[in-house]
>>> print(open('query.pdb').read())   # PDB, C-alpha atoms
ATOM      1  CA  MET G   1      80.939 162.983 139.182
ATOM      2  CA  THR G   2      79.415 165.183 136.477
ATOM      3  CA  GLU G   3      80.121 162.449 133.938
ATOM      4  CA  LYS G   4      78.388 159.865 136.132
ATOM      5  CA  VAL G   5      75.288 162.054 136.395
ATOM      6  CA  ALA G   6      75.303 162.712 132.640
ATOM      7  CA  LYS G   7      75.592 158.967 131.951
ATOM      8  CA  TYR G   8      72.730 158.175 134.380
ATOM      9  CA  VAL G   9      70.513 160.859 132.827
ATOM     10  CA  ALA G  10      71.297 159.614 129.307
ATOM     11  CA  ASP G  11      70.465 156.028 130.305
ATOM     12  CA  ALA G  12      67.232 157.110 132.015
ATOM     13  CA  VAL G  13      66.067 159.110 129.002
ATOM     14  CA  VAL G  14      66.486 156.100 126.692
ATOM     15  CA  LEU G  15      64.365 153.803 128.887
ATOM     16  CA  PRO G  16      60.589 154.170 129.254
ATOM     17  CA  TYR G  17      59.584 156.903 131.701
ATOM     18  CA  GLY G  18      59.541 155.693 135.300
ATOM     19  CA  GLU G  19      61.872 152.700 134.904
ATOM     20  CA  MET G  20      64.932 154.645 136.044
ATOM     21  CA  PRO G  21      63.763 157.394 138.392
ATOM     22  CA  LEU G  22      65.109 160.846 137.659
ATOM     23  CA  SER G  23      65.284 162.416 141.089
ATOM     24  CA  THR G  24      68.230 163.798 142.975
ATOM     25  CA  LEU G  25      68.003 161.079 145.610
ATOM     26  CA  ALA G  26      67.763 158.220 143.096
ATOM     27  CA  VAL G  27      70.690 159.545 141.057
ATOM     28  CA  ALA G  28      72.767 160.099 144.197
ATOM     29  CA  LYS G  29      72.158 156.544 145.381
ATOM     30  CA  SER G  30      72.929 155.158 141.941
ATOM     31  CA  ILE G  31      76.266 156.953 141.488
ATOM     32  CA  GLY G  32      77.308 156.586 145.133
ATOM     33  CA  HIS G  33      77.321 160.228 146.246
ATOM     34  CA  ASP G  34      75.246 162.182 148.739
ATOM     35  CA  ARG G  35      72.361 164.230 147.351
ATOM     36  CA  ARG G  36      73.776 167.358 149.012
ATOM     37  CA  VAL G  37      76.934 167.030 146.922
ATOM     38  CA  LEU G  38      74.868 166.961 143.751
ATOM     39  CA  LYS G  39      72.981 170.039 144.935
ATOM     40  CA  LYS G  40      76.260 171.798 145.776
ATOM     41  CA  TYR G  41      77.497 171.383 142.200
ATOM     42  CA  GLY G  42      74.124 172.364 140.721
ATOM     43  CA  LEU G  43      73.464 168.935 139.285
ATOM     44  CA  ASP G  44      70.027 168.768 140.920
ATOM     45  CA  ALA G  45      68.800 171.365 138.406
ATOM     46  CA  VAL G  46      70.142 169.238 135.540
ATOM     47  CA  ILE G  47      68.378 166.180 136.927
ATOM     48  CA  ALA G  48      65.094 168.068 137.443
ATOM     49  CA  ALA G  49      65.212 169.452 133.898
ATOM     50  CA  ALA G  50      65.858 165.977 132.487
ATOM     51  CA  ASP G  51      62.941 164.601 134.499
ATOM     52  CA  LYS G  52      60.609 167.308 133.191
ATOM     53  CA  ARG G  53      61.757 166.673 129.645
ATOM     54  CA  ALA G  54      61.280 162.914 129.999
ATOM     55  CA  ALA G  55      57.811 163.363 131.513
ATOM     56  CA  ARG G  56      56.783 165.706 128.714
ATOM     57  CA  ASP G  57      58.071 163.296 126.062
ATOM     58  CA  ALA G  58      56.281 160.368 127.723
ATOM     59  CA  LYS G  59      53.047 162.332 127.804
ATOM     60  CA  ARG G  60      53.335 163.218 124.129
ATOM     61  CA  SER G  61      54.110 159.687 123.052
ATOM     62  CA  ARG G  62      51.054 158.240 124.793
ATOM     63  CA  ASP G  63      48.245 157.131 122.544
ATOM     64  CA  THR G  64      45.850 160.046 122.807
ATOM     65  CA  ARG G  65      43.532 158.856 120.061
ATOM     66  CA  ARG G  66      39.934 159.395 121.035
ATOM     67  CA  ARG G  67      37.529 156.533 120.593
ATOM     68  CA  SER G  68      34.816 157.022 118.056
ATOM     69  CA  LEU G  69      31.169 157.154 118.999
ATOM     70  CA  GLU G  70      30.526 153.707 117.521
ATOM     71  CA  GLU G  71      33.332 152.155 119.591
ATOM     72  CA  ARG G  72      31.943 153.689 122.769
ATOM     73  CA  VAL G  73      28.413 152.490 121.966
ATOM     74  CA  ASP G  74      29.709 148.970 121.260
ATOM     75  CA  ALA G  75      31.624 148.923 124.550
ATOM     76  CA  ALA G  76      28.554 150.125 126.440
ATOM     77  CA  THR G  77      26.374 147.479 124.732
ATOM     78  CA  LEU G  78      28.798 144.729 125.738
ATOM     79  CA  GLU G  79      28.780 146.002 129.323
ATOM     80  CA  VAL G  80      24.959 146.066 129.386
ATOM     81  CA  ASP G  81      24.795 142.499 128.040
ATOM     82  CA  LYS G  82      27.234 141.329 130.688
ATOM     83  CA  LEU G  83      25.238 143.016 133.453
ATOM     84  CA  GLU G  84      21.969 141.549 132.138
ATOM     85  CA  LYS G  85      23.445 138.048 132.306
ATOM     86  CA  GLN G  86      24.587 138.726 135.855
ATOM     87  CA  VAL G  87      21.100 139.935 136.872
ATOM     88  CA  HIS G  88      19.442 136.870 135.334
ATOM     89  CA  SER G  89      21.825 134.517 137.123
ATOM     90  CA  LEU G  90      21.176 136.253 140.449
ATOM     91  CA  LEU G  91      17.418 136.063 139.922
ATOM     92  CA  ALA G  92      17.720 132.350 139.138
ATOM     93  CA  ARG G  93      19.708 131.843 142.318
ATOM     94  CA  LEU G  94      17.081 133.705 144.383
ATOM     95  CA  ALA G  95      14.328 131.549 142.853
ATOM     96  CA  LEU G  96      16.311 128.441 143.785
ATOM     97  CA  ILE G  97      16.749 129.672 147.358
ATOM     98  CA  GLU G  98      13.018 130.393 147.678
ATOM     99  CA  ALA G  99      12.124 126.982 146.246
ATOM    100  CA  ASN G 100      14.475 125.222 148.661
ATOM    101  CA  ALA G 101      13.076 127.234 151.586
ATOM    102  CA  LYS G 102       9.532 126.196 150.642
ATOM    103  CA  ARG G 103      10.661 122.583 150.226
ATOM    104  CA  ILE G 104      12.062 122.412 153.776
ATOM    105  CA  GLY G 105       9.016 124.134 155.265
ATOM    106  CA  ILE G 106      10.122 127.757 155.601
ATOM    107  CA  ASP G 107       7.832 130.483 154.344
ATOM    108  CA  PRO G 108       9.759 132.224 151.521
ATOM    109  CA  GLU G 109       8.474 135.583 152.750
ATOM    110  CA  GLU G 110      10.373 134.971 156.014
ATOM    111  CA  LEU G 111      13.608 135.185 154.020
ATOM    112  CA  TYR G 112      12.987 138.862 153.317
ATOM    113  CA  ARG G 113      12.187 139.952 156.885
ATOM    114  CA  PRO G 114      14.941 142.024 158.491
ATOM    115  CA  VAL G 115      16.978 140.279 161.146
ATOM    116  CA  ALA G 116      16.311 141.485 164.694
ATOM    117  CA  PRO G 117      19.284 143.287 166.239
ATOM    118  CA  PRO G 118      21.138 141.261 168.866
ATOM    119  CA  ASP G 119      20.426 141.830 172.553
ATOM    120  CA  ARG G 120      23.302 143.957 173.820
ATOM    121  CA  ARG G 121      22.215 144.286 177.429
ATOM    122  CA  VAL G 122      24.860 143.208 179.925
ATOM    123  CA  ALA G 123      23.950 140.994 182.860
ATOM    124  CA  SER G 124      24.358 142.524 186.342
ATOM    125  CA  ILE G 125      27.035 139.983 187.234
ATOM    126  CA  PHE G 126      29.284 141.641 184.683
ATOM    127  CA  GLY G 127      29.133 145.055 186.361
ATOM    128  CA  SER G 128      31.938 147.569 186.216
ATOM    129  CA  LYS G 129      35.158 146.941 188.126
ATOM    130  CA  LYS G 130      34.662 150.085 190.267
ATOM    131  CA  ASN G 131      31.436 148.825 191.755
ATOM    132  CA  ALA G 132      32.842 145.374 192.411
ATOM    133  CA  SER G 133      35.982 146.626 194.172
ATOM    134  CA  GLY G 134      34.030 149.090 196.335
ATOM    135  CA  SER G 135      31.599 146.459 197.595
ATOM    136  CA  ASN G 136      34.375 144.040 198.611
ATOM    137  CA  ARG G 137      35.963 146.441 201.064
TER     138      ARG G 137
END
>>> encode(input="query.pdb", output="C-alpha cells")
Amino acid sequence: MTEKVAKYVADAVVLPYGEMPLSTLAVAKSIGHDRRVLKKYGLDAVIAAADKRAARDAKRSRDTRRRSLEERVDAATLEVDKLEKQVHSLLARLALIEANAKRIGIDPEELYRPVAPPDRRVASIFGSKKNASGSNR
C-alpha cells in the first residue's frame, strides 16, 4: 500500500498542479483503500506534504512578470476605444428608434416617460377563502 501511495504521489507531482488531486480521499479512491487506512499508517501526512510542495512549486513556476506601464496604458487605451465604439453604436440606435417613433406618429419624448406601475388591486370576487366559506354556511 505504501508503494501505491508513493507511485500516486510521484505521478501527481510530475503532472501540472490540480490534474491529479493530492488529497487523502482522492488517493484512497485511486489505490482502492479506505481513507482511514491511509490515516492509520500515517500516509495522510505524506500526501498533505506532497500537496503543499506541489502547490508551492506551481505558485513559483507561474509567470509573475509585472506588466510595464506602457503595456498597461496601451491596454487601457484599447479598452477605451472599444467602449467609445459601443457608446456611438448605442447612440445611433437610440436616434433610429426616435426617428421611427416620430415617423409612426409617436412623440419621441413619450419614449422617455416612466411606465406607470400596474394596477395590483384585487377584485372583490376574488376575496379570501375564509370569507367565502363563512358566508356559505
>>> atom_distance(input="query.pdb", atom1="CA of Thr77 in chain G", atom2="CA of Ala92 in chain G")
22.6 Å
>>> atom_distance(input="query.pdb", atom1="CA of Lys59 in chain G", atom2="CA of Pro21 in chain G")
15.9 Å
>>> atom_distance(input="query.pdb", atom1="CA of Asp107 in chain G", atom2="CA of Leu94 in chain G")
14.0 Å
>>> residues_around(input="query.pdb", residues="Val5 in chain G", least_positions_apart="5", cutoff="12 Å", atoms="only C-alpha atoms", output="JSON, numbers by chain")
{"G": [10, 11, 12, 22, 23, 24, 25, 26, 27, 28, 29, 30, 31, 32, 33, 35, 37, 38, 39, 41, 42, 43, 44, 45, 46, 47, 48, 50]}
>>> residues_around(input="query.pdb", residues="Tyr17 in chain G", least_positions_apart="4", cutoff="9 Å", atoms="all atoms listed in the file", output="PyMOL selection string")
chain G and resi 12-13+21+51+54-55+57-58
>>> residues_around(input="query.pdb", residues="Glu109 in chain G", least_positions_apart="6", cutoff="10 Å", atoms="only C-alpha atoms", output="MDAnalysis selection string")
chainID G and resid 98 101:102
>>> closest_residue(input="query.pdb", among="G:Ala99, G:Val14, G:Val87, G:Val80", to="Arg53 in chain G", atoms="only C-alpha atoms")
G:Val14
